[in-house]
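Next comes entry14.cif, with mmCIF, N, CA and C atoms.
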```
data_input
loop_
_atom_site.label_atom_id
_atom_site.label_comp_id
_atom_site.auth_asym_id
_atom_site.auth_seq_id
_atom_site.Cartn_x
_atom_site.Cartn_y
_atom_site.Cartn_z
N MET Y 1 -2.85 35.50 -0.78
CA MET Y 1 -3.86 34.56 -0.31
C MET Y 1 -3.44 33.14 -0.67
N GLN Y 2 -3.60 32.22 0.26
CA GLN Y 2 -3.20 30.84 0.05
C GLN Y 2 -4.15 30.14 -0.92
N ASP Y 3 -3.60 29.30 -1.78
CA ASP Y 3 -4.38 28.50 -2.71
C ASP Y 3 -5.36 27.63 -1.91
N PRO Y 4 -6.63 27.56 -2.30
CA PRO Y 4 -7.62 26.79 -1.53
C PRO Y 4 -7.25 25.31 -1.37
N GLU Y 5 -6.67 24.72 -2.41
CA GLU Y 5 -6.29 23.31 -2.31
C GLU Y 5 -5.16 23.13 -1.28
N GLU Y 6 -4.18 24.02 -1.31
CA GLU Y 6 -3.08 23.94 -0.35
C GLU Y 6 -3.60 24.18 1.07
N PHE Y 7 -4.55 25.11 1.22
CA PHE Y 7 -5.15 25.36 2.53
C PHE Y 7 -5.85 24.10 3.03
N ALA Y 8 -6.64 23.46 2.17
CA ALA Y 8 -7.35 22.24 2.56
C ALA Y 8 -6.36 21.14 2.93
N LEU Y 9 -5.28 21.01 2.16
CA LEU Y 9 -4.26 20.00 2.49
C LEU Y 9 -3.60 20.29 3.83
N SER Y 10 -3.32 21.57 4.08
CA SER Y 10 -2.70 21.96 5.34
C SER Y 10 -3.59 21.58 6.52
N ILE Y 11 -4.87 21.91 6.41
CA ILE Y 11 -5.82 21.56 7.48
C ILE Y 11 -5.97 20.04 7.56
N GLY Y 12 -6.06 19.39 6.40
CA GLY Y 12 -6.21 17.94 6.36
C GLY Y 12 -5.07 17.22 7.05
N ARG Y 13 -3.84 17.68 6.83
CA ARG Y 13 -2.68 17.05 7.49
C ARG Y 13 -2.79 17.17 9.00
N GLN Y 14 -3.28 18.32 9.46
CA GLN Y 14 -3.41 18.55 10.90
C GLN Y 14 -4.54 17.72 11.52
N CYS Y 15 -5.48 17.29 10.69
CA CYS Y 15 -6.63 16.53 11.19
C CYS Y 15 -6.31 15.06 11.45
N VAL Y 16 -5.25 14.57 10.86
CA VAL Y 16 -4.90 13.16 11.05
C VAL Y 16 -4.32 13.00 12.46
N GLN Y 17 -4.97 12.17 13.24
CA GLN Y 17 -4.62 12.00 14.65
C GLN Y 17 -3.41 11.09 14.84
N ALA Y 18 -2.79 11.18 16.00
CA ALA Y 18 -1.57 10.43 16.30
C ALA Y 18 -1.71 8.92 16.08
N PRO Y 19 -2.79 8.27 16.54
CA PRO Y 19 -2.89 6.82 16.30
C PRO Y 19 -2.93 6.48 14.80
N THR Y 20 -3.58 7.34 14.02
CA THR Y 20 -3.64 7.12 12.58
C THR Y 20 -2.26 7.33 11.95
N LEU Y 21 -1.55 8.35 12.40
CA LEU Y 21 -0.19 8.58 11.91
C LEU Y 21 0.72 7.40 12.26
N ASP Y 22 0.57 6.86 13.47
CA ASP Y 22 1.37 5.70 13.86
C ASP Y 22 1.08 4.52 12.95
N ARG Y 23 -0.20 4.30 12.68
CA ARG Y 23 -0.60 3.20 11.80
C ARG Y 23 -0.05 3.42 10.39
N MET Y 24 -0.12 4.66 9.92
CA MET Y 24 0.40 4.99 8.60
C MET Y 24 1.90 4.76 8.54
N ASN Y 25 2.61 5.15 9.59
CA ASN Y 25 4.06 4.94 9.63
C ASN Y 25 4.42 3.46 9.63
N LEU Y 26 3.64 2.65 10.35
CA LEU Y 26 3.88 1.21 10.36
C LEU Y 26 3.70 0.62 8.96
N LEU Y 27 2.66 1.06 8.27
CA LEU Y 27 2.42 0.57 6.91
C LEU Y 27 3.53 1.02 5.97
N PHE Y 28 3.98 2.26 6.13
CA PHE Y 28 5.07 2.77 5.30
C PHE Y 28 6.32 1.91 5.51
N VAL Y 29 6.65 1.63 6.76
CA VAL Y 29 7.83 0.81 7.07
C VAL Y 29 7.68 -0.59 6.48
N GLN Y 30 6.46 -1.13 6.53
CA GLN Y 30 6.20 -2.46 5.96
C GLN Y 30 6.45 -2.46 4.45
N LEU Y 31 6.04 -1.38 3.78
CA LEU Y 31 6.23 -1.30 2.33
C LEU Y 31 7.67 -0.94 1.95
N ASP Y 32 8.35 -0.20 2.81
CA ASP Y 32 9.73 0.22 2.55
C ASP Y 32 10.67 -0.91 3.00
N ARG Y 33 10.72 -1.95 2.21
CA ARG Y 33 11.43 -3.17 2.61
C ARG Y 33 12.94 -3.01 2.70
N ASP Y 34 13.52 -2.08 1.96
CA ASP Y 34 14.97 -1.91 2.06
C ASP Y 34 15.36 -0.87 3.10
N GLY Y 35 14.37 -0.25 3.75
CA GLY Y 35 14.64 0.65 4.87
C GLY Y 35 15.26 1.98 4.52
N ASN Y 36 15.15 2.42 3.26
CA ASN Y 36 15.77 3.70 2.88
C ASN Y 36 14.82 4.89 3.01
N ARG Y 37 13.68 4.68 3.67
CA ARG Y 37 12.68 5.73 3.95
C ARG Y 37 12.02 6.26 2.69
N VAL Y 38 12.02 5.44 1.63
CA VAL Y 38 11.37 5.75 0.37
C VAL Y 38 10.78 4.44 -0.15
N ILE Y 39 9.53 4.50 -0.63
CA ILE Y 39 8.93 3.32 -1.26
C ILE Y 39 9.12 3.47 -2.77
N ASN Y 40 9.73 2.44 -3.37
CA ASN Y 40 9.91 2.44 -4.82
C ASN Y 40 9.96 1.00 -5.32
N VAL Y 41 10.20 0.85 -6.59
CA VAL Y 41 10.18 -0.47 -7.21
C VAL Y 41 11.20 -1.42 -6.58
N ASN Y 42 12.31 -0.89 -6.07
CA ASN Y 42 13.33 -1.75 -5.45
C ASN Y 42 12.79 -2.51 -4.25
N ASP Y 43 11.78 -1.97 -3.58
CA ASP Y 43 11.20 -2.64 -2.42
C ASP Y 43 10.40 -3.88 -2.82
N PHE Y 44 10.12 -4.02 -4.09
CA PHE Y 44 9.27 -5.13 -4.55
C PHE Y 44 9.99 -6.00 -5.58
N TYR Y 45 11.32 -5.95 -5.56
CA TYR Y 45 12.13 -6.67 -6.54
C TYR Y 45 11.78 -8.17 -6.55
N ASP Y 46 11.74 -8.78 -5.35
CA ASP Y 46 11.48 -10.22 -5.28
C ASP Y 46 10.11 -10.58 -5.86
N GLN Y 47 9.07 -9.79 -5.51
CA GLN Y 47 7.73 -10.08 -6.01
C GLN Y 47 7.62 -9.85 -7.51
N LEU Y 48 8.30 -8.83 -8.01
CA LEU Y 48 8.25 -8.56 -9.45
C LEU Y 48 8.95 -9.64 -10.25
N ASN Y 49 9.90 -10.32 -9.63
CA ASN Y 49 10.63 -11.41 -10.29
C ASN Y 49 10.15 -12.78 -9.85
N SER Y 50 9.00 -12.82 -9.20
CA SER Y 50 8.43 -14.07 -8.72
C SER Y 50 7.96 -14.93 -9.90
N PRO Y 51 8.08 -16.24 -9.76
CA PRO Y 51 7.53 -17.12 -10.81
C PRO Y 51 5.99 -17.13 -10.78
N ASP Y 52 5.40 -16.56 -9.72
CA ASP Y 52 3.95 -16.52 -9.56
C ASP Y 52 3.38 -15.28 -10.26
N PRO Y 53 2.67 -15.47 -11.37
CA PRO Y 53 2.12 -14.32 -12.10
C PRO Y 53 1.14 -13.49 -11.26
N ALA Y 54 0.41 -14.13 -10.37
CA ALA Y 54 -0.54 -13.40 -9.52
C ALA Y 54 0.20 -12.44 -8.59
N ALA Y 55 1.33 -12.88 -8.04
CA ALA Y 55 2.13 -12.01 -7.17
C ALA Y 55 2.67 -10.83 -7.96
N GLN Y 56 3.11 -11.09 -9.18
CA GLN Y 56 3.61 -10.00 -10.02
C GLN Y 56 2.52 -8.98 -10.32
N LEU Y 57 1.32 -9.46 -10.67
CA LEU Y 57 0.20 -8.56 -10.97
C LEU Y 57 -0.19 -7.72 -9.76
N LYS Y 58 -0.21 -8.36 -8.59
CA LYS Y 58 -0.58 -7.64 -7.36
C LYS Y 58 0.42 -6.51 -7.09
N VAL Y 59 1.70 -6.80 -7.23
CA VAL Y 59 2.72 -5.79 -6.97
C VAL Y 59 2.65 -4.68 -8.02
N LYS Y 60 2.43 -5.04 -9.27
CA LYS Y 60 2.30 -4.02 -10.32
C LYS Y 60 1.10 -3.12 -10.05
N ALA Y 61 -0.01 -3.70 -9.58
CA ALA Y 61 -1.20 -2.91 -9.25
C ALA Y 61 -0.91 -1.98 -8.07
N LEU Y 62 -0.20 -2.49 -7.07
CA LEU Y 62 0.16 -1.68 -5.91
C LEU Y 62 1.08 -0.52 -6.34
N LEU Y 63 2.07 -0.81 -7.17
CA LEU Y 63 2.97 0.24 -7.65
C LEU Y 63 2.22 1.29 -8.47
N ASP Y 64 1.26 0.85 -9.28
CA ASP Y 64 0.43 1.80 -10.04
C ASP Y 64 -0.35 2.70 -9.09
N GLU Y 65 -0.94 2.10 -8.06
CA GLU Y 65 -1.72 2.86 -7.07
C GLU Y 65 -0.83 3.87 -6.34
N LEU Y 66 0.34 3.43 -5.94
CA LEU Y 66 1.27 4.32 -5.26
C LEU Y 66 1.68 5.48 -6.17
N GLY Y 67 1.96 5.17 -7.43
CA GLY Y 67 2.35 6.21 -8.37
C GLY Y 67 1.24 7.21 -8.63
N ARG Y 68 0.03 6.71 -8.77
CA ARG Y 68 -1.11 7.56 -9.10
C ARG Y 68 -1.51 8.47 -7.94
N ASN Y 69 -1.50 7.95 -6.72
CA ASN Y 69 -2.05 8.68 -5.58
C ASN Y 69 -1.03 9.24 -4.60
N PHE Y 70 0.21 8.78 -4.67
CA PHE Y 70 1.16 9.16 -3.64
C PHE Y 70 2.44 9.82 -4.16
N ASP Y 71 2.81 9.55 -5.38
CA ASP Y 71 4.06 10.12 -5.92
C ASP Y 71 3.79 11.54 -6.41
N MET Y 72 3.87 12.49 -5.50
CA MET Y 72 3.46 13.87 -5.79
C MET Y 72 4.42 14.59 -6.75
N ASN Y 73 5.69 14.22 -6.74
CA ASN Y 73 6.65 14.96 -7.59
C ASN Y 73 7.06 14.17 -8.83
N GLY Y 74 6.48 12.98 -9.03
CA GLY Y 74 6.74 12.23 -10.25
C GLY Y 74 8.10 11.57 -10.35
N ASP Y 75 8.79 11.37 -9.21
CA ASP Y 75 10.13 10.77 -9.26
C ASP Y 75 10.12 9.24 -9.13
N ARG Y 76 8.94 8.64 -9.22
CA ARG Y 76 8.76 7.19 -9.16
C ARG Y 76 9.15 6.59 -7.81
N SER Y 77 9.02 7.41 -6.77
CA SER Y 77 9.22 6.95 -5.41
C SER Y 77 8.28 7.73 -4.50
N VAL Y 78 8.03 7.18 -3.31
CA VAL Y 78 7.10 7.80 -2.37
C VAL Y 78 7.81 7.99 -1.03
N THR Y 79 7.89 9.24 -0.60
CA THR Y 79 8.46 9.55 0.71
C THR Y 79 7.36 9.46 1.76
N GLU Y 80 7.75 9.53 3.03
CA GLU Y 80 6.76 9.52 4.11
C GLU Y 80 5.81 10.72 4.00
N ALA Y 81 6.35 11.88 3.63
CA ALA Y 81 5.50 13.08 3.48
C ALA Y 81 4.50 12.89 2.34
N GLU Y 82 4.94 12.30 1.23
CA GLU Y 82 4.03 12.05 0.11
C GLU Y 82 2.98 11.01 0.49
N PHE Y 83 3.36 10.03 1.30
CA PHE Y 83 2.44 8.99 1.76
C PHE Y 83 1.29 9.65 2.54
N LEU Y 84 1.64 10.52 3.49
CA LEU Y 84 0.63 11.25 4.25
C LEU Y 84 -0.22 12.12 3.32
N GLU Y 85 0.43 12.88 2.46
CA GLU Y 85 -0.32 13.78 1.58
C GLU Y 85 -1.26 13.01 0.66
N GLY Y 86 -0.82 11.87 0.17
CA GLY Y 86 -1.69 11.05 -0.69
C GLY Y 86 -2.95 10.62 0.03
N PHE Y 87 -2.80 10.14 1.27
CA PHE Y 87 -3.98 9.74 2.03
C PHE Y 87 -4.88 10.93 2.33
N VAL Y 88 -4.30 12.07 2.67
CA VAL Y 88 -5.10 13.26 2.97
C VAL Y 88 -5.84 13.72 1.71
N ARG Y 89 -5.16 13.74 0.57
CA ARG Y 89 -5.82 14.14 -0.69
C ARG Y 89 -7.00 13.22 -1.00
N MET Y 90 -6.80 11.92 -0.86
CA MET Y 90 -7.89 10.98 -1.14
C MET Y 90 -9.03 11.15 -0.14
N ALA Y 91 -8.71 11.38 1.12
CA ALA Y 91 -9.75 11.58 2.14
C ALA Y 91 -10.53 12.86 1.87
N LEU Y 92 -9.83 13.92 1.47
CA LEU Y 92 -10.51 15.18 1.17
C LEU Y 92 -11.42 15.06 -0.05
N ALA Y 93 -11.09 14.18 -0.97
CA ALA Y 93 -11.88 14.02 -2.19
C ALA Y 93 -13.16 13.23 -1.95
N ARG Y 94 -13.25 12.53 -0.83
CA ARG Y 94 -14.43 11.72 -0.53
C ARG Y 94 -15.55 12.59 0.03
N PRO Y 95 -16.80 12.23 -0.28
CA PRO Y 95 -17.92 12.95 0.33
C PRO Y 95 -17.98 12.63 1.82
N GLY Y 96 -18.46 13.57 2.60
CA GLY Y 96 -18.56 13.33 4.03
C GLY Y 96 -19.24 14.47 4.75
N PRO Y 97 -19.24 14.44 6.07
CA PRO Y 97 -19.95 15.45 6.85
C PRO Y 97 -19.40 16.86 6.71
N CYS Y 98 -18.20 17.01 6.17
CA CYS Y 98 -17.63 18.35 6.02
C CYS Y 98 -18.45 19.21 5.08
N SER Y 99 -19.25 18.60 4.24
CA SER Y 99 -20.02 19.37 3.28
C SER Y 99 -21.38 19.77 3.83
N GLN Y 100 -21.72 19.35 5.05
CA GLN Y 100 -23.01 19.69 5.64
C GLN Y 100 -22.93 21.00 6.39
N GLY Y 101 -24.10 21.56 6.70
CA GLY Y 101 -24.18 22.86 7.36
C GLY Y 101 -23.72 22.83 8.80
N GLY Y 102 -24.00 23.90 9.52
CA GLY Y 102 -23.60 24.03 10.91
C GLY Y 102 -22.65 25.19 11.08
N THR Y 103 -22.19 25.40 12.30
CA THR Y 103 -21.26 26.49 12.56
C THR Y 103 -19.88 26.13 12.03
N ASN Y 104 -19.05 27.13 11.85
CA ASN Y 104 -17.68 26.88 11.39
C ASN Y 104 -16.93 25.99 12.37
N ALA Y 105 -17.10 26.25 13.66
CA ALA Y 105 -16.40 25.44 14.66
C ALA Y 105 -16.88 23.99 14.60
N ALA Y 106 -18.18 23.80 14.51
CA ALA Y 106 -18.73 22.44 14.45
C ALA Y 106 -18.29 21.74 13.16
N ALA Y 107 -18.31 22.49 12.04
CA ALA Y 107 -17.90 21.91 10.77
C ALA Y 107 -16.42 21.52 10.80
N LEU Y 108 -15.58 22.36 11.40
CA LEU Y 108 -14.16 22.05 11.48
C LEU Y 108 -13.92 20.81 12.32
N LEU Y 109 -14.64 20.70 13.45
CA LEU Y 109 -14.51 19.51 14.29
C LEU Y 109 -14.99 18.27 13.53
N GLN Y 110 -16.12 18.40 12.83
CA GLN Y 110 -16.61 17.27 12.03
C GLN Y 110 -15.60 16.89 10.96
N CYS Y 111 -15.01 17.89 10.33
CA CYS Y 111 -14.01 17.62 9.29
C CYS Y 111 -12.79 16.91 9.86
N GLN Y 112 -12.35 17.34 11.02
CA GLN Y 112 -11.18 16.73 11.63
C GLN Y 112 -11.43 15.25 11.88
N VAL Y 113 -12.56 14.94 12.46
CA VAL Y 113 -12.90 13.55 12.74
C VAL Y 113 -13.11 12.79 11.43
N ALA Y 114 -13.81 13.39 10.48
CA ALA Y 114 -14.10 12.72 9.21
C ALA Y 114 -12.83 12.41 8.43
N ILE Y 115 -11.90 13.34 8.38
CA ILE Y 115 -10.66 13.10 7.63
C ILE Y 115 -9.87 11.97 8.28
N ASP Y 116 -9.79 11.97 9.60
CA ASP Y 116 -9.08 10.90 10.29
C ASP Y 116 -9.75 9.56 10.01
N VAL Y 117 -11.08 9.51 10.04
CA VAL Y 117 -11.82 8.27 9.75
C VAL Y 117 -11.56 7.83 8.31
N GLU Y 118 -11.60 8.78 7.37
CA GLU Y 118 -11.37 8.44 5.96
C GLU Y 118 -9.95 7.91 5.75
N VAL Y 119 -8.97 8.53 6.37
CA VAL Y 119 -7.59 8.06 6.22
C VAL Y 119 -7.47 6.65 6.80
N ASN Y 120 -8.12 6.38 7.94
CA ASN Y 120 -8.10 5.03 8.51
C ASN Y 120 -8.74 4.02 7.56
N GLN Y 121 -9.85 4.39 6.92
CA GLN Y 121 -10.50 3.49 5.97
C GLN Y 121 -9.60 3.23 4.76
N LEU Y 122 -8.95 4.27 4.27
CA LEU Y 122 -8.03 4.09 3.15
C LEU Y 122 -6.84 3.20 3.54
N LEU Y 123 -6.33 3.39 4.75
CA LEU Y 123 -5.26 2.53 5.24
C LEU Y 123 -5.72 1.07 5.28
N SER Y 124 -6.94 0.84 5.77
CA SER Y 124 -7.49 -0.52 5.84
C SER Y 124 -7.60 -1.13 4.45
N GLN Y 125 -8.05 -0.34 3.48
CA GLN Y 125 -8.16 -0.85 2.12
C GLN Y 125 -6.79 -1.22 1.55
N LEU Y 126 -5.80 -0.40 1.77
CA LEU Y 126 -4.46 -0.69 1.26
C LEU Y 126 -3.87 -1.88 2.00
N GLU Y 127 -4.07 -1.96 3.33
CA GLU Y 127 -3.58 -3.12 4.09
C GLU Y 127 -4.23 -4.41 3.59
N ALA Y 128 -5.55 -4.37 3.34
CA ALA Y 128 -6.26 -5.56 2.85
C ALA Y 128 -5.73 -5.95 1.47
N PHE Y 129 -5.48 -4.97 0.63
CA PHE Y 129 -4.96 -5.24 -0.70
C PHE Y 129 -3.59 -5.90 -0.61
N ILE Y 130 -2.75 -5.41 0.28
CA ILE Y 130 -1.40 -5.96 0.43
C ILE Y 130 -1.45 -7.39 0.93
N GLN Y 131 -2.41 -7.69 1.81
CA GLN Y 131 -2.48 -9.01 2.42
C GLN Y 131 -3.12 -10.06 1.52
N ARG Y 132 -3.74 -9.64 0.40
CA ARG Y 132 -4.36 -10.62 -0.49
C ARG Y 132 -3.34 -11.50 -1.14
#
```

Taking this structure as input, can you express it in the form of structure tokens?
Amino acid sequence: MQDPEEFALSIGRQCVQAPTLDRMNLLFVQLDRDGNRVINVNDFYDQLNSPDPAAQLKVKALLDELGRNFDMNGDRSVTEAEFLEGFVRMALARPGPCSQGGTNAAALLQCQVAIDVEVNQLLSQLEAFIQR
């Protein structure tokens, strides 16, 4: 029998719609400044060495967030798969219509829409944080 958390992640990954995946991929590419398909400290070398302390703090906060929520294997880098999984895990942890009653089919449809909406909101929050 499949682990319930892995089952939820599997369904959650499938619930993220193509436009959301495209948006997520664009954000990943934006963060992956050296283009090696991995987000890590090297992508933020200039900001970490900036004479502006505010820029340094912002990047350190972003790296902490990435490490806490997206670095699934602890290697201090984030792959595209980990980026997706991080957003899905955070979306699944949020309260939403998936916890309400109804038929299984209706609940699954509600969950699919809700997870996609939650991932979009999380993307917006991270984009806003990056643009500050």

Handout entry: For Ile11 in chain Y, the nearest of the candidates Y:Gln112, Y:Asn69, Y:Thr79, Y:Gln121, counting only N, CA and C atoms
Key =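 Ranking Y:Gln112, Y:Asn69, Y:Thr79, Y:Gln121 by distance to Ile11 in chain Y, first place goes to Y:Gln112.
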
Practice task
Report as a PyMOL selection string: the residues of chain Y with a DSSP assignment of strand (DSSP E or B), based on the backbone of this structure.
Solution key: chain Y and resi 38-40+77-79

Practice task
Using only C-alpha atoms, determine which residues lie at most 12 Å from Gly86 in chain Y, disregarding the query and same-chain residues fewer than 4 positions distant; provide the list as a PyMOL selection string.
Solution key: chain Y and resi 9+12-13+24+65-73+78-82+90-93+119+122-123

Handout entry: Given the PyMOL selection byres (((chain Y and resi 61 and name CA) around 12) and name CA), the residues it picks as a ChimeraX atom specification
Key = /Y:41,44,47-48,54-60,62-68,126,129-130

Fill in the blank from the handout: Computed gap from CA of Ala128 in chain Y to CA of Glu5 in chain Y is 29.3 Å

Practice task
Calculate how many Å separate atom N of Asn25 in chain Y from CA of Leu84 in chain Y, rounding to one decimal.
Solution key: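 We find that atom N of Asn25 in chain Y and CA of Leu84 in chain Y lie 8.3 Å from each other.
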
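If you look at atom C of Arg33 in chain Y and atom C of Tyr45 in chain Y, they are 10.7 Å away from each other.
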
Practice task
Would you list the residues near (15.8, 8.2, 0.4) (no more than 10 Å away, in the coordinates of the file, using only C-alpha atoms) as a ChimeraX atom specification?
Solution key: /Y:35-40,77-80
